[in-house]
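Engineer: Quick one, start-v1.cif (mmCIF, C-alpha atoms and all ligand atoms):
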```
data_run
#
loop_
_atom_site.label_atom_id
_atom_site.label_comp_id
_atom_site.auth_asym_id
_atom_site.auth_seq_id
_atom_site.Cartn_x
_atom_site.Cartn_y
_atom_site.Cartn_z
CA ARG N 8 118.82 89.25 107.94
CA GLU N 9 120.18 88.24 111.31
CA SER N 10 119.32 84.74 112.51
CA LYS N 11 117.17 84.35 115.58
CA GLY N 12 119.94 82.67 117.56
CA LYS N 13 122.13 85.79 117.49
CA LEU N 14 119.57 88.19 118.96
CA PRO N 15 120.58 89.61 122.34
CA LYS N 16 118.49 89.51 125.53
CA TYR N 17 118.19 92.67 127.56
CA PRO N 18 117.37 92.78 131.28
CA GLY N 19 114.28 94.97 131.67
CA LEU N 20 112.85 93.95 128.30
CA GLU N 21 111.32 90.60 129.37
CA ARG N 22 107.86 91.58 128.14
CA TRP N 23 108.98 91.41 124.50
CA THR N 24 110.70 88.76 122.39
CA LEU N 25 113.09 90.15 119.80
CA LEU N 26 112.45 88.59 116.39
CA GLU N 27 114.80 90.28 113.92
CA LYS N 28 117.02 93.33 113.55
CA MET N 29 115.41 95.97 111.32
CA GLY N 30 117.90 98.80 111.38
CA ASP N 31 120.58 100.60 113.32
CA GLY N 32 121.99 104.02 114.06
CA ALA N 33 124.93 105.60 115.85
CA PHE N 34 123.83 104.56 119.33
CA SER N 35 120.99 102.19 118.63
CA ASN N 36 119.69 98.97 117.15
CA VAL N 37 116.07 98.63 116.08
CA TYR N 38 114.36 95.26 116.38
CA ARG N 39 111.04 93.77 115.39
CA ALA N 40 109.61 92.17 118.51
CA SER N 41 106.48 90.43 119.73
CA ASP N 42 104.60 91.31 122.87
CA ASN N 43 104.50 88.32 125.24
CA GLN N 44 101.44 89.75 126.97
CA ARG N 45 99.35 90.35 123.85
CA GLU N 46 99.32 87.61 121.25
CA TYR N 47 100.07 88.59 117.64
CA GLN N 48 100.97 92.11 118.75
CA GLU N 49 104.25 93.16 117.15
CA VAL N 50 106.23 96.33 117.80
CA ALA N 51 109.55 97.90 116.86
CA ILE N 52 112.00 98.44 119.70
CA LYS N 53 114.80 100.99 119.45
CA VAL N 54 117.45 99.89 121.92
CA VAL N 55 119.70 102.86 122.67
CA ARG N 56 123.09 102.29 124.25
CA LYS N 57 122.87 104.80 127.07
CA PHE N 58 126.28 103.81 128.45
CA GLU N 59 128.01 105.10 125.28
CA MET N 60 126.39 108.52 125.53
CA ASN N 61 127.27 111.72 127.33
CA SER N 62 124.66 113.66 129.28
CA SER N 63 123.61 115.96 126.43
CA GLN N 64 123.14 112.98 124.10
CA ARG N 65 121.05 111.30 126.79
CA SER N 66 118.86 114.33 127.24
CA ASN N 67 118.38 114.43 123.46
CA ILE N 68 116.93 110.91 123.58
CA LEU N 69 114.56 111.94 126.36
CA LYS N 70 113.56 114.97 124.27
CA GLU N 71 112.89 112.73 121.25
CA VAL N 72 110.62 110.54 123.41
CA GLN N 73 108.91 113.56 124.95
CA ILE N 74 108.10 114.98 121.51
CA MET N 75 106.87 111.64 120.13
CA ARG N 76 104.57 111.28 123.15
CA GLN N 77 102.63 114.38 122.05
CA LEU N 78 102.10 113.24 118.47
CA ASP N 79 99.08 111.44 117.11
CA HIS N 80 98.76 111.14 113.33
CA PRO N 81 98.28 108.19 110.95
CA ASN N 82 101.41 109.15 108.99
CA ILE N 83 103.69 109.40 112.03
CA VAL N 84 105.19 106.40 113.85
CA LYS N 85 103.50 106.16 117.24
CA LEU N 86 105.34 105.84 120.51
CA VAL N 87 103.91 102.81 122.31
CA ASP N 88 105.99 102.70 125.46
CA PHE N 89 109.29 103.75 126.96
CA HIS N 90 111.54 101.97 129.44
CA GLU N 91 115.09 102.34 130.64
CA SER N 92 117.59 100.19 132.44
CA ARG N 93 120.93 101.25 133.83
CA GLN N 94 122.59 100.69 130.45
CA TYR N 95 119.85 101.16 127.84
CA TYR N 96 116.85 103.16 126.75
CA PHE N 97 114.10 101.06 125.19
CA ILE N 98 111.84 103.02 122.85
CA ILE N 99 108.84 100.87 121.96
CA LEU N 100 107.34 101.99 118.64
CA GLU N 101 104.51 101.13 116.31
CA LEU N 102 105.98 98.60 113.86
CA CYS N 103 106.35 99.52 110.19
CA PRO N 104 106.74 96.06 108.65
CA GLY N 105 107.64 97.46 105.21
CA GLY N 106 110.84 99.06 106.49
CA GLU N 107 112.44 102.08 104.83
CA LEU N 108 111.07 103.79 101.74
CA PHE N 109 114.74 104.05 100.78
CA HIS N 110 114.93 100.30 100.08
CA GLN N 111 111.86 100.47 97.84
CA ILE N 112 113.45 103.23 95.73
CA VAL N 113 116.58 101.09 95.39
CA ARG N 114 114.46 98.05 94.47
CA LEU N 115 112.23 99.76 91.92
CA THR N 116 114.87 102.22 90.61
CA TYR N 117 112.27 105.02 90.60
CA PHE N 118 108.54 105.56 91.17
CA SER N 119 105.86 106.56 88.64
CA GLU N 120 104.35 110.04 89.04
CA ASP N 121 101.16 108.54 90.52
CA LEU N 122 103.05 106.44 93.04
CA SER N 123 105.34 109.37 93.92
CA ARG N 124 102.31 111.60 94.49
CA HIS N 125 100.68 108.94 96.65
CA VAL N 126 103.85 108.75 98.80
CA ILE N 127 104.70 112.45 99.05
CA LEU N 128 101.10 113.43 99.84
CA GLN N 129 101.26 111.25 102.94
CA VAL N 130 104.57 112.85 103.97
CA ALA N 131 102.95 116.26 103.40
CA LYS N 132 99.93 115.35 105.54
CA ALA N 133 102.30 114.42 108.37
CA LEU N 134 104.24 117.68 107.95
CA GLU N 135 101.00 119.68 107.87
CA TYR N 136 100.08 118.12 111.20
CA LEU N 137 103.56 118.67 112.67
CA HIS N 138 103.91 122.28 111.46
CA GLU N 139 100.35 123.50 111.95
CA THR N 140 98.90 121.46 114.79
CA ALA N 141 101.70 120.02 116.90
CA GLY N 142 104.19 122.90 116.59
CA VAL N 143 107.07 120.56 115.83
CA VAL N 144 109.69 120.57 113.08
CA HIS N 145 111.27 117.26 112.13
CA ARG N 146 114.57 118.45 110.58
CA ASP N 147 115.70 115.03 109.35
CA ILE N 148 113.27 114.12 106.56
CA LYS N 149 114.94 111.62 104.22
CA PRO N 150 114.06 108.25 102.65
CA GLU N 151 115.76 106.33 105.51
CA ASN N 152 113.39 107.95 108.00
CA LEU N 153 110.25 107.34 105.96
CA LEU N 154 108.87 103.91 106.82
CA PHE N 155 105.76 102.19 105.59
CA TYR N 156 103.03 99.76 106.45
CA PRO N 157 102.59 97.72 103.25
CA ALA N 158 99.30 97.61 101.40
CA PRO N 159 97.74 94.16 101.10
CA LEU N 160 99.32 92.05 98.37
CA ILE N 161 97.61 92.30 95.00
CA PRO N 162 96.15 90.03 93.76
CA SER N 163 95.26 88.72 97.18
CA LYS N 164 96.05 85.07 97.38
CA SER N 165 94.14 82.49 99.32
CA ARG N 166 96.53 81.49 102.08
CA LYS N 167 96.48 78.85 104.72
CA LEU N 168 96.31 80.05 108.30
CA LYS N 169 99.96 79.40 108.90
CA PRO N 170 102.08 79.67 105.76
CA THR N 171 105.23 77.60 105.57
CA ASP N 172 108.57 79.36 105.38
CA GLU N 173 108.68 78.45 101.69
CA GLU N 174 105.39 80.25 101.03
CA ASP N 175 106.56 83.24 103.05
CA LYS N 176 109.57 83.54 100.77
CA ALA N 177 107.41 83.23 97.67
CA ASP N 178 105.19 86.02 98.96
CA GLU N 179 108.17 88.28 99.53
CA GLY N 180 109.27 87.78 95.96
CA GLU N 181 105.87 88.69 94.61
CA PHE N 182 105.41 91.79 96.73
CA VAL N 183 105.46 94.57 94.16
CA PRO N 184 104.17 97.92 95.38
CA GLY N 185 102.26 99.92 92.83
CA VAL N 186 99.26 102.17 92.64
CA GLY N 187 96.41 99.77 92.99
CA ALA N 188 94.03 99.14 95.82
CA GLY N 189 96.28 100.76 98.40
CA GLY N 190 99.33 102.08 96.56
CA ILE N 191 102.53 101.26 98.43
CA GLY N 192 100.66 101.40 101.74
CA VAL N 193 100.73 103.84 104.64
CA ILE N 194 103.86 106.00 104.84
CA LYS N 195 104.97 106.94 108.34
CA ILE N 196 107.58 109.49 109.40
CA ALA N 197 110.06 108.09 111.95
CA ASP N 198 113.16 109.31 113.83
CA PHE N 199 112.43 112.43 115.84
CA GLY N 200 116.04 112.52 117.06
CA LEU N 201 116.67 115.97 115.54
CA SER N 202 113.16 117.35 115.91
CA LYS N 203 112.34 120.51 117.82
CA VAL N 204 109.32 122.09 119.41
CA ILE N 205 108.64 125.47 117.81
CA TRP N 206 105.60 126.43 119.82
CA ASP N 207 103.52 125.27 122.72
CA SER N 208 100.63 123.23 121.30
CA GLN N 209 98.61 123.72 124.50
CA THR N 210 98.49 127.50 124.29
CA MET N 211 99.30 127.86 120.54
CA THR N 212 101.98 130.41 121.48
CA PRO N 213 105.73 130.60 120.84
CA CYS N 214 107.91 128.90 123.47
CA GLY N 215 109.00 131.48 126.05
CA THR N 216 107.27 134.60 127.27
CA VAL N 217 104.74 135.91 124.77
CA GLY N 218 105.16 139.58 124.03
CA TYR N 219 108.86 139.44 124.72
CA THR N 220 109.60 137.14 121.80
CA ALA N 221 112.18 138.68 119.46
CA PRO N 222 111.46 138.86 115.71
CA GLU N 223 114.34 136.47 114.93
CA ILE N 224 112.66 133.82 117.10
CA VAL N 225 109.41 134.20 115.15
CA LYS N 226 111.39 134.09 111.89
CA ASP N 227 113.42 131.14 113.13
CA GLU N 228 110.19 129.25 113.61
CA ARG N 229 109.25 129.89 109.97
CA TYR N 230 112.74 129.00 108.73
CA SER N 231 112.79 125.72 110.58
CA LYS N 232 109.53 124.68 108.92
CA SER N 233 111.03 125.55 105.55
CA VAL N 234 113.91 123.15 106.31
CA ASP N 235 111.39 120.29 106.22
CA MET N 236 109.92 121.63 102.95
CA TRP N 237 113.35 121.64 101.28
CA ALA N 238 113.95 118.06 102.45
CA MET N 239 110.56 117.01 101.12
CA GLY N 240 111.57 118.52 97.76
CA CYS N 241 114.72 116.37 97.79
CA VAL N 242 112.63 113.27 98.60
CA LEU N 243 110.14 114.00 95.79
CA TYR N 244 112.99 114.56 93.31
CA THR N 245 114.57 111.26 94.37
CA LEU N 246 111.29 109.33 94.14
CA LEU N 247 110.70 110.47 90.56
CA CYS N 248 114.14 109.69 89.12
CA GLY N 249 115.92 107.39 91.58
CA PHE N 250 118.85 109.66 92.46
CA PRO N 251 119.09 112.72 94.72
CA PRO N 252 119.10 116.32 93.41
CA PHE N 253 122.44 117.14 95.03
CA TYR N 254 125.36 114.78 94.92
CA ASP N 255 129.13 114.96 94.78
CA GLU N 256 131.99 112.70 95.86
CA SER N 257 133.52 115.65 97.69
CA ILE N 258 131.59 116.89 100.71
CA GLN N 259 132.98 120.38 100.09
CA THR N 260 131.67 120.53 96.51
CA LEU N 261 128.37 119.01 97.58
CA THR N 262 127.96 121.66 100.28
CA GLU N 263 128.67 124.37 97.67
CA LYS N 264 126.05 122.91 95.30
CA VAL N 265 123.41 122.82 98.04
CA ALA N 266 124.23 126.36 99.18
CA ARG N 267 123.76 127.63 95.61
CA GLY N 268 120.77 125.39 94.98
CA GLN N 269 122.65 123.92 91.99
CA TYR N 270 120.64 121.01 90.63
CA THR N 271 119.29 120.07 87.20
CA PHE N 272 116.53 117.89 85.78
CA LEU N 273 119.08 115.60 84.17
CA SER N 274 118.38 114.19 80.70
CA PRO N 275 117.36 111.51 79.77
CA TRP N 276 115.98 110.58 83.21
CA TRP N 277 113.73 113.63 83.53
CA ASP N 278 112.64 113.86 79.86
CA GLU N 279 109.35 112.01 80.34
CA ILE N 280 108.43 113.62 83.67
CA SER N 281 105.69 116.26 83.62
CA GLN N 282 106.41 119.99 83.65
CA SER N 283 104.01 120.27 86.57
CA ALA N 284 106.11 117.94 88.76
CA LYS N 285 109.26 119.90 87.87
CA ASP N 286 107.51 123.17 88.70
CA LEU N 287 106.53 121.89 92.14
CA ILE N 288 110.06 120.63 92.87
CA SER N 289 111.58 123.95 91.81
CA HIS N 290 109.34 125.75 94.33
CA LEU N 291 110.62 123.46 97.09
CA LEU N 292 114.31 123.53 96.08
CA THR N 293 114.33 127.33 96.30
CA VAL N 294 117.37 128.70 98.14
CA ASP N 295 115.55 131.70 99.67
CA PRO N 296 113.42 130.24 102.49
CA ASP N 297 110.99 133.18 102.26
CA LYS N 298 110.22 132.27 98.63
CA ARG N 299 110.16 128.51 99.19
CA TYR N 300 106.72 126.87 99.25
CA ASP N 301 105.21 126.25 102.66
CA ILE N 302 102.98 123.26 103.34
CA HIS N 303 99.79 125.06 102.23
CA GLN N 304 101.27 126.14 98.90
CA PHE N 305 102.52 122.60 98.40
CA LEU N 306 99.10 121.05 99.01
CA ASP N 307 97.53 123.65 96.66
CA HIS N 308 99.86 122.95 93.72
CA PRO N 309 98.20 121.53 90.56
CA TRP N 310 100.46 118.43 90.52
CA ILE N 311 99.19 117.48 93.98
CA ARG N 312 95.57 118.48 93.32
CA GLU N 313 95.53 116.91 89.84
CA SER N 314 94.44 113.60 91.25
CA GLN N 315 94.27 113.34 95.01
CA GLU N 316 93.14 109.73 94.71
CA PRO N 317 94.11 107.15 92.13
CA THR N 318 90.85 106.74 90.17
CA THR N 319 89.11 103.67 91.52
CA SER N 320 85.75 104.00 89.77
CA ALA N 321 86.04 103.56 86.03
CA ALA N 322 83.06 105.32 84.40
P1 LIG Y 1 118.53 106.79 114.11
O1 LIG Y 1 118.26 108.03 114.88
O2 LIG Y 1 119.67 106.02 114.65
O3 LIG Y 1 118.62 107.04 112.62
P2 LIG Y 1 115.90 105.67 113.62
O4 LIG Y 1 114.80 105.97 114.57
O5 LIG Y 1 115.91 106.39 112.31
O6 LIG Y 1 117.28 105.85 114.39
O7 LIG Y 1 115.93 104.11 113.33
C1 LIG Y 1 116.98 103.53 112.54
C2 LIG Y 1 116.37 102.57 111.52
O8 LIG Y 1 115.65 101.52 112.18
C3 LIG Y 1 115.35 103.18 110.56
O9 LIG Y 1 115.97 103.84 109.49
C4 LIG Y 1 114.58 101.94 110.14
O10 LIG Y 1 115.29 101.18 109.20
C5 LIG Y 1 114.51 101.14 111.44
N1 LIG Y 1 113.27 101.50 112.19
C6 LIG Y 1 113.13 102.49 113.09
N2 LIG Y 1 111.89 102.55 113.60
C7 LIG Y 1 111.19 101.56 112.99
C8 LIG Y 1 109.81 101.10 113.06
N3 LIG Y 1 108.93 101.71 113.87
N4 LIG Y 1 109.44 100.05 112.27
C9 LIG Y 1 110.34 99.49 111.45
N5 LIG Y 1 111.63 99.86 111.33
C10 LIG Y 1 112.08 100.88 112.09
MG MG Y 2 117.18 107.65 111.21
#
```
Show me the file's structure as structure tokens.
Structural biologist:
Amino acid sequence: RESKGKLPKYPGLERWTLLEKMGDGAFSNVYRASDNQREYQEVAIKVVRKFEMNSSQRSNILKEVQIMRQLDHPNIVKLVDFHESRQYYFIILELCPGGELFHQIVRLTYFSEDLSRHVILQVAKALEYLHETAGVVHRDIKPENLLFYPAPLIPSKSRKLKPTDEEDKADEGEFVPGVGAGGIGVIKIADFGLSKVIWDSQTMTPCGTVGYTAPEIVKDERYSKSVDMWAMGCVLYTLLCGFPPFYDESIQTLTEKVARGQYTFLSPWWDEISQSAKDLISHLLTVDPDKRYDIHQFLDHPWIRESQEPTTSAA
């Protein structure tokens, strides 16, 4: 973690105080920051280096912001505000203090079936909203873009109002997500940098002139949703065993494997995992997009319906 002294100051961003760097991308750094005008209000700020971008890359950022503006779902990172200076775009986002789901997979090696279900169901709820209500496809679903708001620590400890740094560290060490009161917490989809509007959510019609829309446009809409379903299959596979379904040192070989849908439930890692989970994954990692499960079929699958909620009331 970066020390506080090294955090930059940006003209135009005086309202917020940067606290720590949380992540970065090709053209951006993401910081945790506090709002100087509202006490205890923390946000995430994606600082995008506008000056390094050409005009089409800039318009993509504006598109990302425009799409996020329309979205309102508990499992999608909310856009709080947007500012720009001559050199930067500042995308102010709802903070996900837990960071990337990716780091939790690395930390825990893999998730139990109950914990995996709890996570993927939240991703699915977000995709259901995107695909069926908002008319948006994400197109970049992966563990790095799935963030979370941690569930309260269990067992809850009595803490002083202001914990010392020492106690903060101790808490971090004891934070073990699991299916309990709140599972891992609330999963939120982030990074709409590659997302696309597939239809107008105001009129519920395809983009462009209705009646003149070619069949390939209508099909394209369906295919782009199925791209998210494939990616969700890869995420579910990875959650359950700790490694991705497709991997190879050589990009060329990897591309071949993906194109053929060449993956296996590798022994011994998959030996103990239920047939039902494997069945669901195989319906997502289906090469033919027409045969691949859509979001409704996913939500209807026995492995998902089996136990929607971790049983809280012991009879
Ligand atoms: P990029 O398009 O460069 O991948 P992202 O929007 O995915 O940008 O952000 C990069 C990283 O920054 C994320 O993978 C995550 O680690 C961190 N990040 C982004 N948004 C948030 C947020 N709202 N809360 C916490 N961390 C975030
Ligand atoms: Mg990203």
Engineer: What's the 7 Å shell around segment 239-244 of chain N, counting only C-alpha atoms, without same-chain residues fewer than 6 positions away, as a PDB file with C-alpha atoms, keeping the file's coordinate frame?
Structural biologist:
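Now in result.pdb:
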```pdb
ATOM      1  CA  SER N 123     105.340 109.370  93.920  1.00  0.00           C
ATOM      2  CA  ILE N 127     104.700 112.450  99.050  1.00  0.00           C
ATOM      3  CA  ILE N 148     113.270 114.120 106.560  1.00  0.00           C
ATOM      4  CA  LYS N 149     114.940 111.620 104.220  1.00  0.00           C
ATOM      5  CA  PRO N 150     114.060 108.250 102.650  1.00  0.00           C
ATOM      6  CA  PRO N 251     119.090 112.720  94.720  1.00  0.00           C
ATOM      7  CA  PRO N 252     119.100 116.320  93.410  1.00  0.00           C
ATOM      8  CA  ILE N 288     110.060 120.630  92.870  1.00  0.00           C
ATOM      9  CA  LEU N 291     110.620 123.460  97.090  1.00  0.00           C
ATOM     10  CA  LEU N 292     114.310 123.530  96.080  1.00  0.00           C
TER      11      LEU N 292
END
```
Engineer: I'd like the interatomic distance between atom CA of Phe109 of chain N and atom CA of His303 of chain N, to a tenth of an Å.
Structural biologist: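 Atom-to-atom, atom CA of Phe109 of chain N and atom CA of His303 of chain N are spaced 25.8 Å apart.
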Engineer: Write out as a ChimeraX atom specification each polymer residue (protein, DNA or RNA) that has an atom no more than 10 Å from ligand MG 2 (chain Y), with only C-alpha atoms and all ligand atoms counted.
Structural biologist: /N:30-33,35,107,147-153,196-201
Engineer: Using all atoms listed in the file and a cutoff of 12 Å, can you tell me which residues are near (107.4, 132.3, 121.8) in the file's coordinates, and write them out as a PyMOL selection string?
Structural biologist: chain N and resi 142+204-208+210-228
Engineer: One number please: atom CA of Glu91 of chain N to atom CA of Gly105 of chain N, in Å, one decimal.
Structural biologist: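 Separation between atom CA of Glu91 of chain N and atom CA of Gly105 of chain N: 26.9 Å.
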Engineer: Which of these, N:Gln304, N:Thr262, N:Ser92, N:Asn36, has the shortest distance to ligand LIG 1 (chain Y) once you count all atoms listed in the file?
Structural biologist: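 Between N:Gln304, N:Thr262, N:Ser92, N:Asn36, the residue approaching ligand LIG 1 (chain Y) most closely is N:Asn36.
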Engineer: Between N:Tyr47, N:Tyr96, N:Phe155, N:Phe118, which has the minimum distance to Val84 of chain N (counting all atoms listed in the file)?
Structural biologist: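 Once distances to Val84 of chain N are computed over all atoms listed in the file, the minimum belongs to N:Phe155.
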Engineer: I'd like the contact shell of segment 49-66 of chain N - 8 Å cut-off, only C-alpha atoms, skipping same-chain residues fewer than 4 positions apart - returned as a list of chain:residue names.
Structural biologist: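 Listing them by chain and then by number gives N:Phe34, N:Ser35, N:Asn36, N:Val37, N:Tyr38, N:Arg39, N:Ala40, N:Ser41, N:Asp42, N:Lys70, N:Arg93, N:Gln94, N:Tyr95, N:Tyr96, N:Phe97, N:Ile98, N:Ile99, N:Leu100, N:Glu101, N:Leu102, N:Cys103.
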Engineer: Go ahead and dump the residues you just picked, C-alpha atoms, as a PDB file, keeping the file's coordinate frame.
Structural biologist:
```
ATOM      1  CA  PHE N  34     123.830 104.560 119.330  1.00  0.00           C
ATOM      2  CA  SER N  35     120.990 102.190 118.630  1.00  0.00           C
ATOM      3  CA  ASN N  36     119.690  98.970 117.150  1.00  0.00           C
ATOM      4  CA  VAL N  37     116.070  98.630 116.080  1.00  0.00           C
ATOM      5  CA  TYR N  38     114.360  95.260 116.380  1.00  0.00           C
ATOM      6  CA  ARG N  39     111.040  93.770 115.390  1.00  0.00           C
ATOM      7  CA  ALA N  40     109.610  92.170 118.510  1.00  0.00           C
ATOM      8  CA  SER N  41     106.480  90.430 119.730  1.00  0.00           C
ATOM      9  CA  ASP N  42     104.600  91.310 122.870  1.00  0.00           C
ATOM     10  CA  LYS N  70     113.560 114.970 124.270  1.00  0.00           C
ATOM     11  CA  ARG N  93     120.930 101.250 133.830  1.00  0.00           C
ATOM     12  CA  GLN N  94     122.590 100.690 130.450  1.00  0.00           C
ATOM     13  CA  TYR N  95     119.850 101.160 127.840  1.00  0.00           C
ATOM     14  CA  TYR N  96     116.850 103.160 126.750  1.00  0.00           C
ATOM     15  CA  PHE N  97     114.100 101.060 125.190  1.00  0.00           C
ATOM     16  CA  ILE N  98     111.840 103.020 122.850  1.00  0.00           C
ATOM     17  CA  ILE N  99     108.840 100.870 121.960  1.00  0.00           C
ATOM     18  CA  LEU N 100     107.340 101.990 118.640  1.00  0.00           C
ATOM     19  CA  GLU N 101     104.510 101.130 116.310  1.00  0.00           C
ATOM     20  CA  LEU N 102     105.980  98.600 113.860  1.00  0.00           C
ATOM     21  CA  CYS N 103     106.350  99.520 110.190  1.00  0.00           C
TER      22      CYS N 103
END
```
Engineer: Report, in Å to a single decimal, how far apart atom CA of Val130 of chain N and atom P1 of ligand LIG 1 (chain Y) are.
Structural biologist: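 Between these atoms lies a distance of 18.3 Å.
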Engineer: Return the padded bounding box of ligand LIG 1 (chain Y) as AutoDock Vina command-line options: axis-aligned, built from all atoms listed in the file, 6 Å added on each side, with centre and edge lengths in Å to one decimal.
Structural biologist:
```
--center_x 114.3 --center_y 103.8 --center_z 112.0 --size_x 22.7 --size_y 20.5 --size_z 17.7
```
Engineer: Would you list the contacts of Arg146 of chain N as a PDB file with C-alpha atoms, in the coordinates of the input, taking every protein, DNA or RNA residue within 9 Å and counting all atoms listed in the file, but skipping same-chain residues closer than 6 positions in sequence?
Structural biologist:
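Output saved as out_30.pdb:
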```pdb
ATOM      1  CA  PHE N 199     112.430 112.430 115.840  1.00  0.00           C
ATOM      2  CA  GLY N 200     116.040 112.520 117.060  1.00  0.00           C
ATOM      3  CA  LEU N 201     116.670 115.970 115.540  1.00  0.00           C
ATOM      4  CA  SER N 202     113.160 117.350 115.910  1.00  0.00           C
ATOM      5  CA  LYS N 203     112.340 120.510 117.820  1.00  0.00           C
ATOM      6  CA  SER N 231     112.790 125.720 110.580  1.00  0.00           C
ATOM      7  CA  LYS N 232     109.530 124.680 108.920  1.00  0.00           C
ATOM      8  CA  VAL N 234     113.910 123.150 106.310  1.00  0.00           C
ATOM      9  CA  ASP N 235     111.390 120.290 106.220  1.00  0.00           C
ATOM     10  CA  ALA N 238     113.950 118.060 102.450  1.00  0.00           C
TER      11      ALA N 238
END
```
Engineer: Have a look at N:Arg124, N:Lys132, N:Lys195, N:Arg45 and name the one nearest to ligand LIG 1 (chain Y); count all atoms listed in the file.
Structural biologist: N:Lys195
Engineer: I'd like to know which of N:Ile194, N:Val143, N:Leu246, N:Leu20 is closest to ligand LIG 1 (chain Y), using only C-alpha atoms and all ligand atoms.
Structural biologist: N:Ile194
Engineer: Could you list, as number ranges by chain, every residue within 10 Å of Val294 of chain N, counting all atoms listed in the file and ignoring same-chain residues fewer than 3 positions away?
Structural biologist: N: 237, 265-269, 289-291, 297-299
Engineer: Please return as a list in words every residue within 10 Å of (116.6, 107.4, 90.2), taking into account all atoms listed in the file and the file's own coordinates.
Structural biologist: Ile112, Val113, Leu115, Thr116, Tyr117, Phe118, Tyr244, Thr245, Leu246, Leu247, Cys248, Gly249, Phe250, Pro251, Pro252, Trp276 and Trp277 of chain N
